[in-house]
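Colleague: What follows is coords-v1.txt, made up of compact mmCIF, C-alpha atoms:
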# COMPACT_ATOMS: atom_id res chain seq x y z
CA MET A 26 12.03 66.79 -16.87
CA ASN A 27 15.01 66.62 -19.17
CA GLY A 28 17.37 67.89 -16.48
CA ILE A 29 21.06 67.72 -15.75
CA HIS A 30 20.32 64.98 -13.19
CA ASP A 31 19.54 62.54 -16.03
CA MET A 32 23.19 61.78 -16.70
CA GLY A 33 23.29 58.26 -18.09
CA GLY A 34 25.45 58.20 -21.22
CA MET A 35 26.82 61.74 -20.99
CA HIS A 36 30.45 62.45 -21.78
CA GLY A 37 32.91 64.96 -20.41
CA MET A 38 32.21 64.69 -16.69
CA GLY A 39 35.85 63.88 -15.94
CA PRO A 40 37.57 61.03 -14.14
CA ILE A 41 35.97 59.05 -11.33
CA LEU A 42 37.73 60.21 -8.18
CA LYS A 43 37.97 57.55 -5.52
CA GLU A 44 39.05 58.25 -1.99
CA LYS A 45 40.79 55.71 0.18
CA ASN A 46 39.32 55.19 3.63
CA GLU A 47 36.58 57.67 2.89
CA PRO A 48 34.73 58.87 6.00
CA VAL A 49 30.94 58.59 6.07
CA PHE A 50 30.78 62.37 6.44
CA HIS A 51 33.60 64.66 5.38
CA GLN A 52 32.35 67.48 7.58
CA GLU A 53 30.06 67.48 10.57
CA TRP A 54 27.35 69.50 8.80
CA GLU A 55 26.90 66.74 6.22
CA GLY A 56 25.73 64.36 8.94
CA ARG A 57 23.49 67.05 10.38
CA ILE A 58 21.69 67.70 7.08
CA VAL A 59 21.20 63.95 6.54
CA ALA A 60 19.70 63.73 10.02
CA ILE A 61 17.61 66.90 9.60
CA ASN A 62 16.21 65.55 6.35
CA ARG A 63 15.15 62.30 8.03
CA ALA A 64 13.73 63.97 11.15
CA ILE A 65 11.80 66.64 9.26
CA GLY A 66 10.71 64.02 6.72
CA ALA A 67 8.96 62.24 9.61
CA TRP A 68 6.32 64.99 9.39
CA ARG A 69 5.34 63.33 6.10
CA LYS A 70 4.67 66.64 4.37
CA TRP A 71 6.34 65.34 1.22
CA ASN A 72 7.60 62.07 -0.20
CA LEU A 73 10.87 60.80 -1.66
CA ASP A 74 9.72 61.52 -5.21
CA ALA A 75 9.01 65.15 -4.33
CA PHE A 76 12.43 65.31 -2.66
CA ARG A 77 14.11 64.01 -5.81
CA HIS A 78 12.17 66.40 -8.00
CA ALA A 79 13.22 69.36 -5.86
CA GLY A 80 16.82 68.24 -6.43
CA GLU A 81 16.25 68.05 -10.16
CA ARG A 82 15.03 71.64 -10.20
CA VAL A 83 18.31 72.98 -8.84
CA PRO A 84 19.63 75.00 -11.81
CA PRO A 85 22.03 72.87 -13.89
CA ALA A 86 25.18 74.95 -13.35
CA GLU A 87 24.55 75.00 -9.62
CA TYR A 88 23.65 71.29 -9.58
CA LEU A 89 27.13 70.50 -10.93
CA ARG A 90 28.94 73.08 -8.82
CA ILE A 91 27.64 72.41 -5.33
CA SER A 92 28.37 69.28 -3.32
CA TYR A 93 25.89 66.46 -2.89
CA TYR A 94 24.92 67.42 0.65
CA GLU A 95 24.75 71.12 -0.23
CA ARG A 96 22.08 70.02 -2.68
CA TRP A 97 20.26 68.30 0.18
CA LEU A 98 20.39 71.53 2.14
CA THR A 99 18.86 73.38 -0.80
CA ILE A 100 16.15 70.73 -1.21
CA VAL A 101 15.20 70.58 2.47
CA THR A 102 15.06 74.36 2.69
CA GLU A 103 12.85 74.52 -0.38
CA LEU A 104 10.47 71.79 0.84
CA ILE A 105 9.99 73.06 4.39
CA VAL A 106 9.05 76.49 3.02
CA GLN A 107 6.89 75.08 0.24
CA LYS A 108 5.00 72.92 2.73
CA GLY A 109 4.61 75.65 5.29
CA LEU A 110 6.67 74.16 8.11
CA VAL A 111 8.74 77.35 8.21
CA THR A 112 8.56 80.66 6.42
CA ARG A 113 11.20 82.20 4.21
CA ALA A 114 11.46 85.03 6.72
CA GLU A 115 12.25 82.51 9.48
CA ILE A 116 14.99 80.94 7.33
CA GLU A 117 16.49 84.35 6.72
CA SER A 118 16.29 85.53 10.31
CA GLY A 119 17.15 82.14 11.79
CA MET A 120 14.43 82.74 14.40
CA PRO A 121 10.85 81.49 14.78
CA ALA A 122 8.30 84.15 13.92
CA ALA A 123 7.14 86.11 16.95
CA GLY A 124 4.19 84.43 18.62
CA SER A 125 4.50 81.17 16.68
CA GLU A 126 3.56 78.05 18.57
CA LYS A 127 6.18 75.46 19.37
CA ALA A 128 5.48 72.05 17.86
CA VAL A 129 6.26 68.62 19.25
CA PRO A 130 8.89 66.89 17.07
CA ALA A 131 7.50 64.15 14.82
CA LEU A 132 10.52 61.96 15.51
CA SER A 133 11.91 61.44 18.99
CA ALA A 134 15.34 60.03 19.77
CA GLU A 135 13.77 56.84 21.19
CA ASN A 136 11.98 56.20 17.90
CA VAL A 137 14.97 56.67 15.59
CA ALA A 138 16.04 53.02 15.48
CA ALA A 139 12.50 51.82 14.74
CA PHE A 140 12.02 54.59 12.17
CA ILE A 141 15.13 53.49 10.27
CA ALA A 142 14.26 49.80 10.58
CA ARG A 143 10.75 50.35 9.26
CA GLY A 144 11.81 52.47 6.31
CA ILE A 145 9.29 53.91 3.90
CA PRO A 146 8.17 51.06 1.64
CA ALA A 147 7.12 52.14 -1.84
CA ALA A 148 5.59 48.77 -2.74
CA ARG A 149 1.81 48.44 -2.47
CA ASN A 150 0.08 45.18 -1.72
CA LEU A 151 -2.66 45.79 -4.27
CA ASP A 152 -4.21 43.64 -6.92
CA VAL A 153 -3.24 45.69 -9.96
CA ALA A 154 -3.06 43.93 -13.32
CA ALA A 155 0.36 43.74 -14.94
CA ARG A 156 0.35 45.00 -18.52
CA PHE A 157 3.45 43.01 -19.42
CA GLN A 158 4.78 39.53 -18.83
CA VAL A 159 8.27 38.26 -18.15
CA GLY A 160 9.99 37.56 -21.45
CA GLN A 161 7.83 40.01 -23.40
CA ARG A 162 9.51 42.44 -25.77
CA VAL A 163 8.71 46.06 -24.95
CA ARG A 164 9.64 49.55 -25.97
CA ALA A 165 10.36 52.40 -23.55
CA ARG A 166 8.01 55.22 -24.45
CA ASN A 167 9.47 58.24 -26.15
CA MET A 168 8.08 60.82 -23.77
CA HIS A 169 9.48 64.02 -22.32
CA PRO A 170 7.34 65.10 -19.38
CA LEU A 171 8.09 68.51 -17.92
CA GLY A 172 7.57 67.20 -14.40
CA HIS A 173 9.24 64.38 -12.49
CA THR A 174 9.94 61.07 -14.16
CA ARG A 175 12.26 58.14 -13.53
CA LEU A 176 12.45 57.17 -17.19
CA PRO A 177 16.05 57.91 -18.18
CA ARG A 178 16.53 59.67 -21.51
CA TYR A 179 19.01 57.07 -22.74
CA THR A 180 16.28 54.41 -22.76
CA ARG A 181 13.47 56.34 -24.46
CA GLY A 182 12.32 54.75 -27.67
CA LYS A 183 14.60 51.75 -27.10
CA PHE A 184 13.55 48.12 -27.24
CA GLY A 185 14.06 45.77 -24.34
CA THR A 186 12.75 42.62 -22.70
CA ILE A 187 10.86 42.22 -19.42
CA HIS A 188 13.34 40.39 -17.20
CA ARG A 189 11.38 40.38 -13.96
CA ASP A 190 8.16 41.73 -12.47
CA HIS A 191 8.96 43.41 -9.15
CA GLY A 192 5.32 43.90 -8.17
CA VAL A 193 3.23 47.01 -7.58
CA PHE A 194 4.81 50.33 -6.56
CA VAL A 195 3.90 53.97 -6.16
CA PHE A 196 4.29 55.88 -9.44
CA PRO A 197 6.81 58.71 -9.03
CA ASP A 198 5.57 60.84 -11.94
CA SER A 199 2.31 61.55 -10.09
CA ASN A 200 3.48 61.08 -6.51
CA ALA A 201 6.23 63.71 -6.80
CA HIS A 202 3.55 66.28 -7.59
CA PHE A 203 1.17 65.07 -4.84
CA LEU A 204 -1.26 63.87 -7.50
CA GLY A 205 -1.75 60.44 -6.00
CA GLU A 206 0.15 57.17 -5.89
CA ASP A 207 -1.25 55.61 -9.09
CA PRO A 208 0.18 52.21 -8.04
CA GLN A 209 1.35 50.03 -10.90
CA HIS A 210 3.80 47.26 -11.74
CA VAL A 211 7.51 47.88 -11.91
CA TYR A 212 9.61 45.63 -14.10
CA SER A 213 13.28 45.06 -14.54
CA VAL A 214 13.72 45.66 -18.27
CA ARG A 215 16.81 44.32 -19.97
CA PHE A 216 18.22 46.46 -22.76
CA SER A 217 21.10 45.12 -24.75
CA ALA A 218 24.05 47.51 -24.60
CA ARG A 219 24.10 47.61 -28.40
CA GLU A 220 20.45 48.68 -28.55
CA LEU A 221 21.35 51.61 -26.30
CA TRP A 222 24.84 52.53 -27.49
CA GLY A 223 25.37 50.90 -30.87
CA GLU A 224 28.30 48.93 -32.19
CA GLN A 225 30.79 50.27 -29.66
CA ALA A 226 29.20 48.12 -26.97
CA ALA A 227 30.04 44.47 -26.41
CA PRO A 228 27.32 42.28 -27.94
CA GLN A 229 26.62 40.30 -24.76
CA ASP A 230 26.46 43.28 -22.38
CA SER A 231 23.23 44.77 -21.09
CA VAL A 232 21.74 47.49 -18.93
CA HIS A 233 18.81 46.60 -16.68
CA VAL A 234 16.48 49.47 -15.87
CA ASP A 235 13.53 49.35 -13.47
CA MET A 236 10.46 50.72 -15.22
CA TRP A 237 6.86 51.36 -14.33
CA ASP A 238 4.01 50.13 -16.51
CA ASN A 239 3.34 53.67 -17.74
CA TYR A 240 6.86 53.90 -19.18
CA LEU A 241 6.36 50.96 -21.50
CA GLU A 242 4.52 49.99 -24.65
CA PRO A 243 4.28 46.61 -26.39
CA ALA A 244 6.84 46.05 -29.12
CA MET B 12 1.38 66.77 -15.56
CA ASN B 13 -0.32 69.07 -13.14
CA ALA B 14 -1.45 72.28 -14.80
CA ASP B 15 -0.86 74.15 -11.55
CA LEU B 16 2.74 73.16 -11.56
CA PRO B 17 5.30 75.44 -13.13
CA PRO B 18 7.27 72.49 -14.44
CA THR B 19 10.27 74.37 -15.72
CA HIS B 20 10.42 76.40 -12.55
CA GLN B 21 13.84 76.15 -11.03
CA LEU B 22 14.62 76.68 -7.40
CA GLU B 23 15.19 80.32 -6.77
CA HIS B 24 18.10 81.79 -4.93
CA HIS B 25 16.58 83.06 -1.74
CA HIS B 26 19.54 82.55 0.49
CA GLN B 27 21.73 85.50 -0.40
CA THR B 28 21.07 87.10 2.96
CA VAL B 29 22.09 84.05 4.96
CA PRO B 30 25.67 82.79 5.20
CA SER B 31 26.85 80.97 2.08
CA ASP B 32 28.98 78.51 4.01
CA PRO B 33 26.90 75.30 4.20
CA ALA B 34 28.22 74.57 7.69
CA LEU B 35 26.77 77.85 8.95
CA ARG B 36 23.58 77.47 6.97
CA VAL B 37 22.96 73.95 8.32
CA LYS B 38 23.69 75.12 11.84
CA ALA B 39 21.21 77.98 11.46
CA LEU B 40 18.61 75.63 9.97
CA GLU B 41 19.03 73.11 12.78
CA SER B 42 18.66 75.82 15.43
CA LEU B 43 15.54 77.15 13.78
CA LEU B 44 13.92 73.72 13.45
CA VAL B 45 14.76 72.84 17.05
CA GLU B 46 13.44 76.20 18.28
CA LYS B 47 10.19 75.60 16.41
CA GLY B 48 9.87 72.14 17.90
CA LEU B 49 9.95 70.54 14.44
CA VAL B 50 12.98 68.37 15.15
CA ASP B 51 14.46 66.97 18.33
CA ARG B 52 18.22 67.54 18.61
CA ALA B 53 18.68 64.20 20.39
CA ALA B 54 16.94 62.49 17.45
CA LEU B 55 19.40 64.16 15.08
CA ASP B 56 22.29 62.92 17.20
CA ALA B 57 20.85 59.39 17.12
CA LEU B 58 20.42 59.53 13.32
CA VAL B 59 24.00 60.72 12.77
CA ASP B 60 25.26 58.02 15.11
CA ALA B 61 23.29 55.33 13.27
CA TYR B 62 24.67 56.28 9.86
CA GLU B 63 28.18 56.96 11.09
CA HIS B 64 28.64 53.91 13.31
CA LYS B 65 25.89 51.29 12.93
CA ILE B 66 24.87 51.08 9.31
CA GLY B 67 27.62 50.41 6.79
CA PRO B 68 29.29 47.94 4.44
CA ARG B 69 30.22 45.56 7.25
CA ASN B 70 26.54 44.58 7.26
CA GLY B 71 26.65 43.69 3.58
CA ALA B 72 29.93 41.86 4.05
CA ARG B 73 28.28 39.60 6.62
CA VAL B 74 25.47 38.86 4.21
CA VAL B 75 27.98 37.97 1.48
CA ALA B 76 30.05 35.81 3.81
CA ARG B 77 26.93 33.93 4.90
CA ALA B 78 25.97 33.34 1.27
CA TRP B 79 29.45 32.03 0.50
CA SER B 80 29.33 29.71 3.50
CA ASP B 81 25.77 28.44 3.25
CA THR B 82 24.38 27.48 -0.16
CA THR B 83 20.78 27.34 1.02
CA TYR B 84 21.14 30.86 2.42
CA LYS B 85 22.61 31.95 -0.90
CA GLN B 86 19.58 30.55 -2.74
CA ARG B 87 17.24 32.42 -0.41
CA LEU B 88 19.27 35.59 -0.87
CA LEU B 89 19.07 35.41 -4.64
CA SER B 90 15.38 34.49 -4.74
CA ASN B 91 14.03 36.64 -1.88
CA ALA B 92 16.65 39.17 -0.86
CA ASP B 93 14.43 41.10 1.57
CA ALA B 94 13.71 38.07 3.72
CA ALA B 95 17.26 36.71 3.57
CA ILE B 96 18.78 40.07 4.52
CA ALA B 97 16.22 40.44 7.31
CA GLU B 98 17.40 37.08 8.68
CA MET B 99 20.73 38.80 9.34
CA GLY B 100 18.96 41.64 11.10
CA TYR B 101 19.23 44.26 8.36
CA GLY B 102 16.62 46.18 6.42
CA GLY B 103 14.61 49.36 6.41
CA MET B 104 15.32 52.86 5.14
CA GLN B 105 16.57 52.82 1.54
CA GLY B 106 16.74 49.06 1.49
CA GLU B 107 13.03 48.27 1.75
CA HIS B 108 13.04 46.34 -1.54
CA MET B 109 16.29 44.51 -2.21
CA VAL B 110 17.63 42.58 -5.18
CA VAL B 111 20.86 40.60 -5.05
CA VAL B 112 22.72 39.83 -8.27
CA GLU B 113 25.52 37.28 -8.42
CA ASN B 114 28.92 37.74 -10.01
CA THR B 115 30.38 34.61 -11.56
CA ALA B 116 33.25 33.74 -13.84
CA LYS B 117 30.94 34.52 -16.77
CA VAL B 118 28.80 37.44 -15.52
CA HIS B 119 29.88 40.69 -13.92
CA ASN B 120 27.24 42.99 -12.41
CA LEU B 121 27.70 46.71 -11.76
CA VAL B 122 25.22 48.93 -9.90
CA VAL B 123 24.59 52.61 -10.59
CA CYS B 124 21.91 55.24 -10.13
CA THR B 125 22.12 57.51 -13.17
CA LEU B 126 19.26 59.77 -11.98
CA CYS B 127 20.34 60.43 -8.38
CA SER B 128 22.14 58.37 -5.77
CA CYS B 129 20.02 55.29 -4.96
CA TYR B 130 22.07 52.82 -2.95
CA PRO B 131 21.25 50.00 -0.50
CA TRP B 132 21.76 51.82 2.79
CA PRO B 133 21.00 49.00 5.29
CA VAL B 134 23.72 46.78 3.87
CA LEU B 135 26.24 49.30 2.48
CA GLY B 136 25.60 52.49 4.46
CA LEU B 137 25.54 55.88 2.80
CA PRO B 138 27.10 55.94 -0.67
CA PRO B 139 30.68 57.14 -1.22
CA VAL B 140 31.26 60.37 -3.10
CA TRP B 141 32.36 58.64 -6.31
CA TYR B 142 29.09 56.69 -6.54
CA LYS B 143 27.09 59.93 -6.37
CA SER B 144 29.39 61.80 -8.72
CA ALA B 145 28.60 62.90 -12.26
CA PRO B 146 31.54 60.97 -13.77
CA TYR B 147 30.34 57.63 -12.41
CA ARG B 148 26.62 58.23 -12.99
CA SER B 149 27.20 59.30 -16.59
CA ARG B 150 29.68 56.61 -17.60
CA ALA B 151 28.63 53.43 -15.81
CA VAL B 152 25.85 52.69 -18.29
CA ILE B 153 27.63 53.63 -21.53
CA ASP B 154 31.15 52.43 -20.70
CA PRO B 155 31.01 49.96 -17.82
CA ARG B 156 34.13 48.15 -18.98
CA GLY B 157 36.09 51.40 -19.04
CA VAL B 158 34.80 52.32 -15.60
CA LEU B 159 35.72 48.91 -14.25
CA ARG B 160 39.20 49.22 -15.76
CA GLU B 161 39.64 52.48 -13.83
CA PHE B 162 38.65 50.58 -10.72
CA GLY B 163 41.32 48.00 -11.51
CA VAL B 164 38.91 45.32 -12.74
CA GLU B 165 39.99 43.88 -16.09
CA LEU B 166 37.31 41.70 -17.64
CA SER B 167 37.92 39.32 -20.50
CA GLU B 168 35.93 39.88 -23.67
CA GLU B 169 33.86 36.76 -23.01
CA VAL B 170 32.49 38.01 -19.72
CA GLU B 171 28.98 39.42 -19.85
CA VAL B 172 28.58 42.78 -18.14
CA ARG B 173 25.19 43.58 -16.65
CA VAL B 174 24.67 47.12 -15.41
CA TRP B 175 21.77 47.75 -13.02
CA ASP B 176 20.44 51.30 -13.11
CA SER B 177 18.55 51.88 -9.84
CA THR B 178 15.74 53.96 -11.35
CA ALA B 179 12.94 52.67 -9.07
CA GLU B 180 12.74 51.69 -5.39
CA LEU B 181 14.62 48.43 -5.84
CA ARG B 182 18.07 48.50 -4.29
CA TYR B 183 20.83 46.30 -5.65
CA LEU B 184 23.57 44.41 -3.87
CA VAL B 185 26.20 42.49 -5.81
CA LEU B 186 27.16 39.09 -4.45
CA PRO B 187 30.84 38.99 -5.44
CA GLU B 188 32.65 35.87 -6.56
CA ARG B 189 34.24 34.02 -3.70
CA PRO B 190 38.01 34.16 -4.21
CA ALA B 191 40.06 31.01 -4.65
CA GLY B 192 41.97 29.73 -1.65
CA THR B 193 39.35 30.70 0.91
CA GLU B 194 37.86 27.24 1.35
CA GLY B 195 39.14 26.90 4.91
CA LEU B 196 38.01 30.31 6.12
CA SER B 197 35.23 30.87 8.62
CA GLU B 198 32.28 33.13 7.89
CA GLU B 199 33.84 35.84 10.07
CA GLU B 200 37.15 35.58 8.22
CA LEU B 201 35.39 35.73 4.87
CA ALA B 202 33.45 38.84 5.88
CA VAL B 203 36.71 40.68 6.49
CA LEU B 204 37.69 40.16 2.84
CA VAL B 205 34.51 41.65 1.38
CA THR B 206 34.82 45.30 0.38
CA ARG B 207 32.14 47.91 -0.23
CA ASP B 208 33.25 48.39 -3.83
CA ALA B 209 32.95 44.65 -4.51
CA MET B 210 29.31 44.77 -3.37
CA VAL B 211 28.63 47.56 -5.89
CA GLY B 212 30.38 45.50 -8.56
CA ALA B 213 33.25 47.99 -8.86
CA ALA B 214 35.85 45.56 -7.53
CA LYS B 215 36.53 41.88 -7.09
CA VAL B 216 37.22 40.30 -3.75
CA SER B 217 40.82 39.17 -3.50
CA PHE B 218 42.63 36.94 -1.09
CA SER B 219 46.29 36.29 -0.52
CA LYS B 220 47.62 33.29 1.33
CA ALA B 221 49.13 35.65 3.88
CA GLY B 222 45.59 35.83 5.14
CA SER B 223 44.64 39.40 4.36
CA ALA B 224 42.70 41.05 1.59
CA ALA B 225 45.10 41.96 -1.20
Render the structure in this file as structure tokens.
Modeller:
Amino acid sequence: MNGIHDMGGMHGMGPILKEKNEPVFHQEWEGRIVAINRAIGAWRKWNLDAFRHAGERVPPAEYLRISYYERWLTIVTELIVQKGLVTRAEIESGMPAAGSEKAVPALSAENVAAFIARGIPAARNLDVAARFQVGQRVRARNMHPLGHTRLPRYTRGKFGTIHRDHGVFVFPDSNAHFLGEDPQHVYSVRFSARELWGEQAAPQDSVHVDMWDNYLEPA
Amino acid sequence: MNADLPPTHQLEHHHQTVPSDPALRVKALESLLVEKGLVDRAALDALVDAYEHKIGPRNGARVVARAWSDTTYKQRLLSNADAAIAEMGYGGMQGEHMVVVENTAKVHNLVVCTLCSCYPWPVLGLPPVWYKSAPYRSRAVIDPRGVLREFGVELSEEVEVRVWDSTAELRYLVLPERPAGTEGLSEEELAVLVTRDAMVGAAKVSFSKAGSAA
């Protein structure tokens, strides 16, 4: 979707504010929502692409107003209700529904270290043909799907070169909507900065964007 | 796209009846999830502890220092980052598929995620606020030299700037240039010099003869 999250190349967002000796979490609740997201994610009711898409659907004004971890809170709340882990009534009352059965947590404290170390690989060891070769000139498709996509607007319709083939990965545009993994090659595509931004850019500069097969067409 | 999906549907505001303060809302959510047996409070404590104390840019700094000290390790790091980083004991969540790009006198790399906040957690920890902020995400791709100037990095016109937009599940770590005058330093001493920002490409690593990072 052409949402506020797709920010590459926008103007007017203000100065970059750096903080010296920044703590990992500015407030205790930030750490808690990070942890809750991981622990509830261990139920595997959704995937990272669905998580991102829920974030993209936060209304634009709110997306810019609330803090990063407030957005996580909104996303987690949305997903646990959507996937039936809790009801909206339970969120509002703060209490489990009367008579509801108590589950056994999907992630125990003893398994946290192994859970983090294992991660959630998105690569798939599958023999899927690559549609493009390193060195080939390509064009990012000019498409504007209403659902989730990881094709940034600033690249659409632009010409680039396949710099590297990263192998086969889950396709977010389908996976975010639980429509299957549709595994396909992901490439690092080199776009010259001038192709993207015109004469204002230095001629030797470039932006490398990771792109799935479905985002590209031969040029 | 899925016909069942209301694609333009935006998240609704259902939380008017619960406290607006995120601290209270998170507390209420945690209590509810624990009560329902969906999460284990001790697991949450362990997760917070891991991200607050165990996983952070010191890990990446050790990788960089090893690469500076051992040219065969550096080659492995640049050609197969996952395996080379795993040699140091790091990997996993949000760093499952790593790419390392090398800064030199001629090439300066800068990492961004314009679409969200993708960042190599196992080697750098959770991203700082500026990395996740709209100003950085919007500008890094269109004006990397201006962004770098704000970070105090002045690049000559001849230098080639390569921006890496983390749009997929590859996570990028910048191998900074080793500063002059550090030839006699041990790997441990080198690691102390390496900053988080330098491993994003938003700073250079500096060294003063006094023996501390400038």
Colleague: Residues of chain A near chain B: apply a cut-off of 7 Å, count all atoms listed in the file, and supply the list as JSON, numbers by chain.
Modeller: {"A": [30, 31, 32, 33, 34, 35, 36, 38, 39, 40, 41, 42, 43, 49, 54, 56, 57, 58, 60, 61, 64, 65, 82, 83, 84, 95, 116, 117, 119, 120, 121, 127, 128, 129, 130, 131, 132, 133, 134, 137, 141, 142, 143, 144, 145, 146, 147, 171, 172, 175, 222, 229, 230, 231, 232, 233, 234, 235, 236]}
Colleague: Write out as a JSON list (two decimals) with C-alpha atoms, in the coordinates of the input which residues come within 9 Å of segment 208-212 of chain B when counting all atoms listed in the file, dropping same-chain ones fewer than 2 positions away.
Modeller:
[["chain", "number", "residue", "atom", "x", "y", "z"],
["B", 68, "PRO", "CA", 29.29, 47.94, 4.44],
["B", 71, "GLY", "CA", 26.65, 43.69, 3.58],
["B", 72, "ALA", "CA", 29.93, 41.86, 4.05],
["B", 75, "VAL", "CA", 27.98, 37.97, 1.48],
["B", 114, "ASN", "CA", 28.92, 37.74, -10.01],
["B", 119, "HIS", "CA", 29.88, 40.69, -13.92],
["B", 120, "ASN", "CA", 27.24, 42.99, -12.41],
["B", 121, "LEU", "CA", 27.70, 46.71, -11.76],
["B", 122, "VAL", "CA", 25.22, 48.93, -9.90],
["B", 123, "VAL", "CA", 24.59, 52.61, -10.59],
["B", 130, "TYR", "CA", 22.07, 52.82, -2.95],
["B", 135, "LEU", "CA", 26.24, 49.30, 2.48],
["B", 159, "LEU", "CA", 35.72, 48.91, -14.25],
["B", 183, "TYR", "CA", 20.83, 46.30, -5.65],
["B", 184, "LEU", "CA", 23.57, 44.41, -3.87],
["B", 185, "VAL", "CA", 26.20, 42.49, -5.81],
["B", 186, "LEU", "CA", 27.16, 39.09, -4.45],
["B", 187, "PRO", "CA", 30.84, 38.99, -5.44],
["B", 205, "VAL", "CA", 34.51, 41.65, 1.38],
["B", 206, "THR", "CA", 34.82, 45.30, 0.38],
["B", 214, "ALA", "CA", 35.85, 45.56, -7.53],
["B", 215, "LYS", "CA", 36.53, 41.88, -7.09],
["B", 216, "VAL", "CA", 37.22, 40.30, -3.75]]
Colleague: What does the distance between atom CA of Gly182 of chain A and atom CA of Arg164 of chain A come to in Å, to one decimal place?
Modeller: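 The value is 6.1 Å.
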Colleague: Go ahead and find all residues with at least one atom no further than 10 Å from (29.7, 33.6, -4.1) in the file's coordinates, using all atoms listed in the file; report them as JSON, numbers by chain.
Modeller: {"B": [75, 76, 77, 78, 79, 80, 81, 82, 85, 113, 114, 115, 185, 186, 187, 188, 189, 190]}
Colleague: Which value, in Å to one decimal, gives the distance between atom CA of Phe76 of chain A and atom CA of Asp207 of chain A?
Modeller: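 Going from atom CA of Phe76 of chain A over to atom CA of Asp207 of chain A covers 18.0 Å.
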Colleague: I'd like the interatomic distance between atom CA of Ala202 of chain B and atom CA of Arg69 of chain B, to a tenth of an Å.
Modeller: 7.6 Å
Colleague: I'd like to know which of A:Arg149, A:His202, A:His51, A:Arg63 is closest to Tyr94 of chain A, using all atoms listed in the file.
Modeller: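 Looking at the shortest contact to Tyr94 of chain A, the residue is A:His51.
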Colleague: As a list in words, please: the residues near Lys70 of chain A (cut-off 9 Å, only C-alpha atoms, same-chain neighbours under 6 positions excluded).
Modeller: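 Final neighbour list, sorted by chain and number: Leu104, Ile105, Lys108 and Leu110 of chain A.
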Colleague: Would you save the residues of that selection, restricted to C-alpha atoms, as a compact mmCIF listing (two decimals), keeping the file's coordinate frame?
Modeller:
# COMPACT_ATOMS: atom_id res chain seq x y z
CA LEU A 104 10.47 71.79 0.84
CA ILE A 105 9.99 73.06 4.39
CA LYS A 108 5.00 72.92 2.73
CA LEU A 110 6.67 74.16 8.11
Colleague: Excluding same-chain residues fewer than 3 positions from Arg156 of chain A, what lies within 9 Å of it counting only C-alpha atoms, as a PDB file with C-alpha atoms, keeping the file's coordinate frame?
Modeller:
ATOM      1  CA  HIS A 210       3.800  47.260 -11.740  1.00  0.00           C
ATOM      2  CA  ASP A 238       4.010  50.130 -16.510  1.00  0.00           C
ATOM      3  CA  LEU A 241       6.360  50.960 -21.500  1.00  0.00           C
ATOM      4  CA  GLU A 242       4.520  49.990 -24.650  1.00  0.00           C
ATOM      5  CA  PRO A 243       4.280  46.610 -26.390  1.00  0.00           C
TER       6      PRO A 243
END
Colleague: As JSON, what would the box around segment 40-59 of chain B look like: edges along x, y and z, 8 Å added on every side, centre and edge lengths in Å to one decimal?
Modeller:
{"center_x": 16.9, "center_y": 68.3, "center_z": 15.2, "size_x": 30.1, "size_y": 33.8, "size_z": 26.4}
